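Scroll down for the structure; my scribbles are underneath it.
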Amino acid sequence: MGSPISPIVADIFMDSWEDIALNAFNPTPKIWWRYVDDAFAVLKTEHISSFLTHREKGIKFAFESENEQRELAMLGCKLKQTDEGKPHTGVHKKPTYSNRYLDFNSSLPLTVKIGLVKCLTHRVIALSSTKRT
């Protein structure tokens with residue numbers, strides 16, 4: 001999304017599209033969750049293509065399915081279904097992740113350094129379903 005207004009336009013369009021599509025499509029997804037133009041849905045594999053092309057032939061929706069480890073990444077969160085069928089969440093790290101952040105010996109203000117630690121800590125706590133002691 002390039003323009004500052006793009007997220008607003010995308011949200012308005014997706015809100016309208018999902019109202020029509022979710023009410024008209026059968027069977028409806030077991031789970032439907034959307035953030036701006038990213039959506040998370042649980043539905044059978046054979047219904048994905050027809051659901052995404054339903055009502056809007058001119059727009060192409062991209063989708064991802066679980067990988068071999070039964071994981072799916074969305075908005076920095078790694079979603080996984082355990083062998084028992086229970087959901088598990090964690091922090092998603094892209095393949096290009098380098099584990100490098102700012103140098104704490106740099107001349108950046110201390111508030112920036114503290115903010116980074118708080119942000120990363122909050123991210124792990126908020127996105128992880130497993131609490132370790």
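We name chains A, B, ... following the order of the structure tokens; residues begin at 1 in each chain, and ligands are numbered from 1 as shown.
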
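For chain A, the set of residues given strand (DSSP E or B) by DSSP on the backbone reads Ile31, Trp32, Trp33, Arg34, Tyr35, Asp38, Ala39, Phe40, Ala41, Val42, Glu71, Leu72, Ala73, Met74, Cys77, Lys78, Leu79, Lys80, Gln81, Pro87, His88, Thr89, Gly90 and Val91 of chain A.
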
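Using only C-alpha atoms, the nearest neighbour of Ser128 in chain A within the list A:Ser98, A:Thr89, A:Ser3, A:Asn105 is A:Thr89.
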
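For Gly76 in chain A, the set of protein, DNA and RNA residues having any atom at most 12 Å away, when counting only C-alpha atoms and skipping those fewer than 4 positions along the same chain, is Asp38, Leu72, Thr89, Gly90, Val91, His92, Lys93, Lys94, Tyr97, Leu120, Arg123, Val124, Ala126, Leu127 and Ser128 of chain A.
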
Keeping N, CA and C atoms for every residue in the selection just given, could you write it to a file as a PDB file, in the first residue's frame?
ATOM      1  N   ASP A  38      -5.652  -7.841   5.501  1.00  0.00           N
ATOM      2  CA  ASP A  38      -5.196  -9.199   5.797  1.00  0.00           C
ATOM      3  C   ASP A  38      -6.322  -9.927   6.518  1.00  0.00           C
ATOM      4  N   LEU A  72       1.335 -21.314  10.231  1.00  0.00           N
ATOM      5  CA  LEU A  72       0.914 -20.258   9.331  1.00  0.00           C
ATOM      6  C   LEU A  72       1.292 -18.933   9.973  1.00  0.00           C
ATOM      7  N   THR A  89       0.303 -20.225  19.568  1.00  0.00           N
ATOM      8  CA  THR A  89       0.825 -19.031  18.902  1.00  0.00           C
ATOM      9  C   THR A  89       2.221 -18.706  19.405  1.00  0.00           C
ATOM     10  N   GLY A  90       2.964 -18.019  18.570  1.00  0.00           N
ATOM     11  CA  GLY A  90       4.303 -17.582  18.918  1.00  0.00           C
ATOM     12  C   GLY A  90       4.734 -16.462  17.992  1.00  0.00           C
ATOM     13  N   VAL A  91       5.943 -15.991  18.165  1.00  0.00           N
ATOM     14  CA  VAL A  91       6.482 -14.913  17.340  1.00  0.00           C
ATOM     15  C   VAL A  91       6.998 -15.498  16.034  1.00  0.00           C
ATOM     16  N   HIS A  92       6.578 -14.913  14.920  1.00  0.00           N
ATOM     17  CA  HIS A  92       7.044 -15.360  13.604  1.00  0.00           C
ATOM     18  C   HIS A  92       8.313 -14.601  13.237  1.00  0.00           C
ATOM     19  N   LYS A  93       9.319 -15.331  12.803  1.00  0.00           N
ATOM     20  CA  LYS A  93      10.562 -14.726  12.322  1.00  0.00           C
ATOM     21  C   LYS A  93      10.713 -15.075  10.853  1.00  0.00           C
ATOM     22  N   LYS A  94      10.844 -14.053  10.022  1.00  0.00           N
ATOM     23  CA  LYS A  94      10.989 -14.269   8.581  1.00  0.00           C
ATOM     24  C   LYS A  94      12.313 -14.971   8.291  1.00  0.00           C
ATOM     25  N   TYR A  97      15.388 -12.952   8.867  1.00  0.00           N
ATOM     26  CA  TYR A  97      15.625 -12.465  10.225  1.00  0.00           C
ATOM     27  C   TYR A  97      17.099 -12.641  10.586  1.00  0.00           C
ATOM     28  N   LEU A 120      10.034  -5.394  22.290  1.00  0.00           N
ATOM     29  CA  LEU A 120      10.316  -6.802  22.007  1.00  0.00           C
ATOM     30  C   LEU A 120       9.761  -7.715  23.099  1.00  0.00           C
ATOM     31  N   ARG A 123       5.998  -7.881  22.692  1.00  0.00           N
ATOM     32  CA  ARG A 123       5.658  -8.697  21.520  1.00  0.00           C
ATOM     33  C   ARG A 123       5.675 -10.190  21.865  1.00  0.00           C
ATOM     34  N   VAL A 124       6.708 -10.624  22.561  1.00  0.00           N
ATOM     35  CA  VAL A 124       6.818 -12.039  22.937  1.00  0.00           C
ATOM     36  C   VAL A 124       5.685 -12.434  23.880  1.00  0.00           C
ATOM     37  N   ALA A 126       2.729 -10.931  24.310  1.00  0.00           N
ATOM     38  CA  ALA A 126       1.412 -10.804  23.678  1.00  0.00           C
ATOM     39  C   ALA A 126       1.145 -11.897  22.650  1.00  0.00           C
ATOM     40  N   LEU A 127       2.168 -12.339  21.932  1.00  0.00           N
ATOM     41  CA  LEU A 127       1.963 -13.286  20.845  1.00  0.00           C
ATOM     42  C   LEU A 127       2.148 -14.748  21.231  1.00  0.00           C
ATOM     43  N   SER A 128       2.711 -15.017  22.386  1.00  0.00           N
ATOM     44  CA  SER A 128       2.988 -16.406  22.766  1.00  0.00           C
ATOM     45  C   SER A 128       1.858 -16.987  23.599  1.00  0.00           C
TER      46      SER A 128
END

Q) Taking into account only C-alpha atoms, which residue in the set A:Leu22, A:Val36, A:Cys119, A:Ile114 is nearest to Ser6 in chain A? A) A:Val36

Q) What are the DSSP alpha helix (DSSP H) residues of chain A, as number ranges by chain? A) A: 6-24, 45-53, 110-127

Selection export as a short mmCIF file (atom, residue, chain, number, x, y, z; two decimals), in the first residue's frame, atoms kept: N, CA and C atoms:
data_model
loop_
_atom_site.label_atom_id
_atom_site.label_comp_id
_atom_site.auth_asym_id
_atom_site.auth_seq_id
_atom_site.Cartn_x
_atom_site.Cartn_y
_atom_site.Cartn_z
N SER A 6 -4.55 4.58 1.46
CA SER A 6 -4.77 3.20 1.02
C SER A 6 -5.34 2.28 2.11
N PRO A 7 -4.83 2.31 3.35
CA PRO A 7 -5.41 1.43 4.36
C PRO A 7 -6.89 1.73 4.63
N ILE A 8 -7.25 3.00 4.57
CA ILE A 8 -8.65 3.38 4.81
C ILE A 8 -9.54 2.85 3.69
N VAL A 9 -9.09 3.05 2.44
CA VAL A 9 -9.86 2.57 1.28
C VAL A 9 -9.95 1.05 1.31
N ALA A 10 -8.84 0.38 1.62
CA ALA A 10 -8.84 -1.08 1.69
C ALA A 10 -9.79 -1.57 2.77
N ASP A 11 -9.80 -0.91 3.92
CA ASP A 11 -10.68 -1.31 5.01
C ASP A 11 -12.15 -1.13 4.63
N ILE A 12 -12.48 -0.02 3.98
CA ILE A 12 -13.86 0.22 3.55
C ILE A 12 -14.29 -0.84 2.54
N PHE A 13 -13.41 -1.11 1.55
CA PHE A 13 -13.75 -2.11 0.54
C PHE A 13 -13.91 -3.49 1.17
N MET A 14 -12.94 -3.89 1.99
CA MET A 14 -12.99 -5.22 2.59
C MET A 14 -14.19 -5.39 3.52
N ASP A 15 -14.57 -4.32 4.22
CA ASP A 15 -15.75 -4.39 5.08
C ASP A 15 -17.00 -4.67 4.25
N SER A 16 -17.12 -3.96 3.15
CA SER A 16 -18.26 -4.17 2.25
C SER A 16 -18.22 -5.56 1.63
N TRP A 17 -17.04 -5.95 1.14
CA TRP A 17 -16.90 -7.26 0.49
C TRP A 17 -17.20 -8.40 1.44
N GLU A 18 -16.67 -8.31 2.67
CA GLU A 18 -16.87 -9.43 3.59
C GLU A 18 -18.32 -9.54 4.05
N ASP A 19 -19.03 -8.41 4.17
CA ASP A 19 -20.46 -8.48 4.51
C ASP A 19 -21.22 -9.27 3.45
N ILE A 20 -20.95 -8.96 2.19
CA ILE A 20 -21.64 -9.63 1.09
C ILE A 20 -21.19 -11.09 0.99
N ALA A 21 -19.88 -11.31 0.98
CA ALA A 21 -19.33 -12.65 0.76
C ALA A 21 -19.67 -13.61 1.90
N LEU A 22 -19.53 -13.16 3.13
CA LEU A 22 -19.78 -14.06 4.26
C LEU A 22 -21.26 -14.42 4.38
N ASN A 23 -22.14 -13.50 4.00
CA ASN A 23 -23.57 -13.80 4.06
C ASN A 23 -24.04 -14.66 2.89
N ALA A 24 -23.36 -14.55 1.74
CA ALA A 24 -23.81 -15.26 0.55
C ALA A 24 -23.12 -16.61 0.35
N THR A 45 -10.08 -26.87 2.32
CA THR A 45 -9.22 -26.55 1.19
C THR A 45 -9.99 -26.43 -0.11
N GLU A 46 -10.94 -27.29 -0.34
CA GLU A 46 -11.67 -27.27 -1.62
C GLU A 46 -12.57 -26.04 -1.76
N HIS A 47 -12.83 -25.30 -0.66
CA HIS A 47 -13.69 -24.13 -0.73
C HIS A 47 -12.91 -22.81 -0.84
N ILE A 48 -11.59 -22.85 -0.67
CA ILE A 48 -10.80 -21.62 -0.62
C ILE A 48 -10.90 -20.83 -1.92
N SER A 49 -10.64 -21.46 -3.03
CA SER A 49 -10.63 -20.75 -4.31
C SER A 49 -11.97 -20.11 -4.63
N SER A 50 -13.05 -20.86 -4.45
CA SER A 50 -14.37 -20.29 -4.76
C SER A 50 -14.74 -19.18 -3.78
N PHE A 51 -14.30 -19.27 -2.54
CA PHE A 51 -14.59 -18.21 -1.57
C PHE A 51 -13.86 -16.92 -1.94
N LEU A 52 -12.59 -17.04 -2.32
CA LEU A 52 -11.80 -15.84 -2.63
C LEU A 52 -12.25 -15.15 -3.90
N THR A 53 -12.78 -15.88 -4.84
CA THR A 53 -13.23 -15.26 -6.09
C THR A 53 -14.71 -14.92 -6.06
N LEU A 110 18.76 7.01 25.68
CA LEU A 110 18.46 5.85 26.50
C LEU A 110 16.99 5.46 26.38
N THR A 111 16.11 6.44 26.19
CA THR A 111 14.68 6.14 26.06
C THR A 111 14.40 5.28 24.84
N VAL A 112 15.15 5.47 23.76
CA VAL A 112 14.98 4.65 22.55
C VAL A 112 15.42 3.22 22.83
N LYS A 113 16.53 3.07 23.53
CA LYS A 113 17.04 1.73 23.85
C LYS A 113 16.08 0.99 24.78
N ILE A 114 15.56 1.68 25.78
CA ILE A 114 14.60 1.07 26.70
C ILE A 114 13.31 0.74 25.96
N GLY A 115 12.89 1.62 25.07
CA GLY A 115 11.68 1.38 24.28
C GLY A 115 11.78 0.13 23.43
N LEU A 116 12.96 -0.12 22.86
CA LEU A 116 13.16 -1.31 22.04
C LEU A 116 13.01 -2.58 22.88
N VAL A 117 13.62 -2.58 24.05
CA VAL A 117 13.52 -3.74 24.94
C VAL A 117 12.07 -3.97 25.37
N LYS A 118 11.37 -2.89 25.71
CA LYS A 118 9.96 -3.01 26.11
C LYS A 118 9.11 -3.54 24.96
N CYS A 119 9.36 -3.03 23.76
CA CYS A 119 8.60 -3.45 22.58
C CYS A 119 8.79 -4.94 22.30
N LEU A 120 10.03 -5.39 22.29
CA LEU A 120 10.32 -6.80 22.01
C LEU A 120 9.76 -7.71 23.10
N THR A 121 9.86 -7.28 24.34
CA THR A 121 9.32 -8.06 25.46
C THR A 121 7.80 -8.16 25.36
N HIS A 122 7.16 -7.03 25.08
CA HIS A 122 5.70 -7.02 24.94
C HIS A 122 5.26 -7.92 23.78
N ARG A 123 6.00 -7.88 22.69
CA ARG A 123 5.66 -8.70 21.52
C ARG A 123 5.68 -10.19 21.87
N VAL A 124 6.71 -10.62 22.56
CA VAL A 124 6.82 -12.04 22.94
C VAL A 124 5.69 -12.43 23.88
N ILE A 125 5.41 -11.60 24.87
CA ILE A 125 4.35 -11.91 25.83
C ILE A 125 2.98 -11.91 25.17
N ALA A 126 2.73 -10.93 24.31
CA ALA A 126 1.41 -10.80 23.68
C ALA A 126 1.15 -11.90 22.65
N LEU A 127 2.17 -12.34 21.93
CA LEU A 127 1.96 -13.29 20.84
C LEU A 127 2.15 -14.75 21.23
#

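Note that CA of Arg34 in chain A and CA of Ala62 in chain A are 14.1 Å apart.
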
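Each of A:Lys86, A:Lys60, A:Ser65, A:Phe104 was compared to Val42 in chain A using only C-alpha atoms, and A:Ser65 turns out to be the nearest.
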
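For the residues A:Arg100, A:Ala39, A:Ser129, A:Lys44, ranking by smallest atom-to-atom distance to Thr82 in chain A using only C-alpha atoms places A:Ser129 first.
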
Q | Between CA of Ala41 in chain A and CA of Pro95 in chain A, distance in Å (one decimal) | A | 23.7 Å
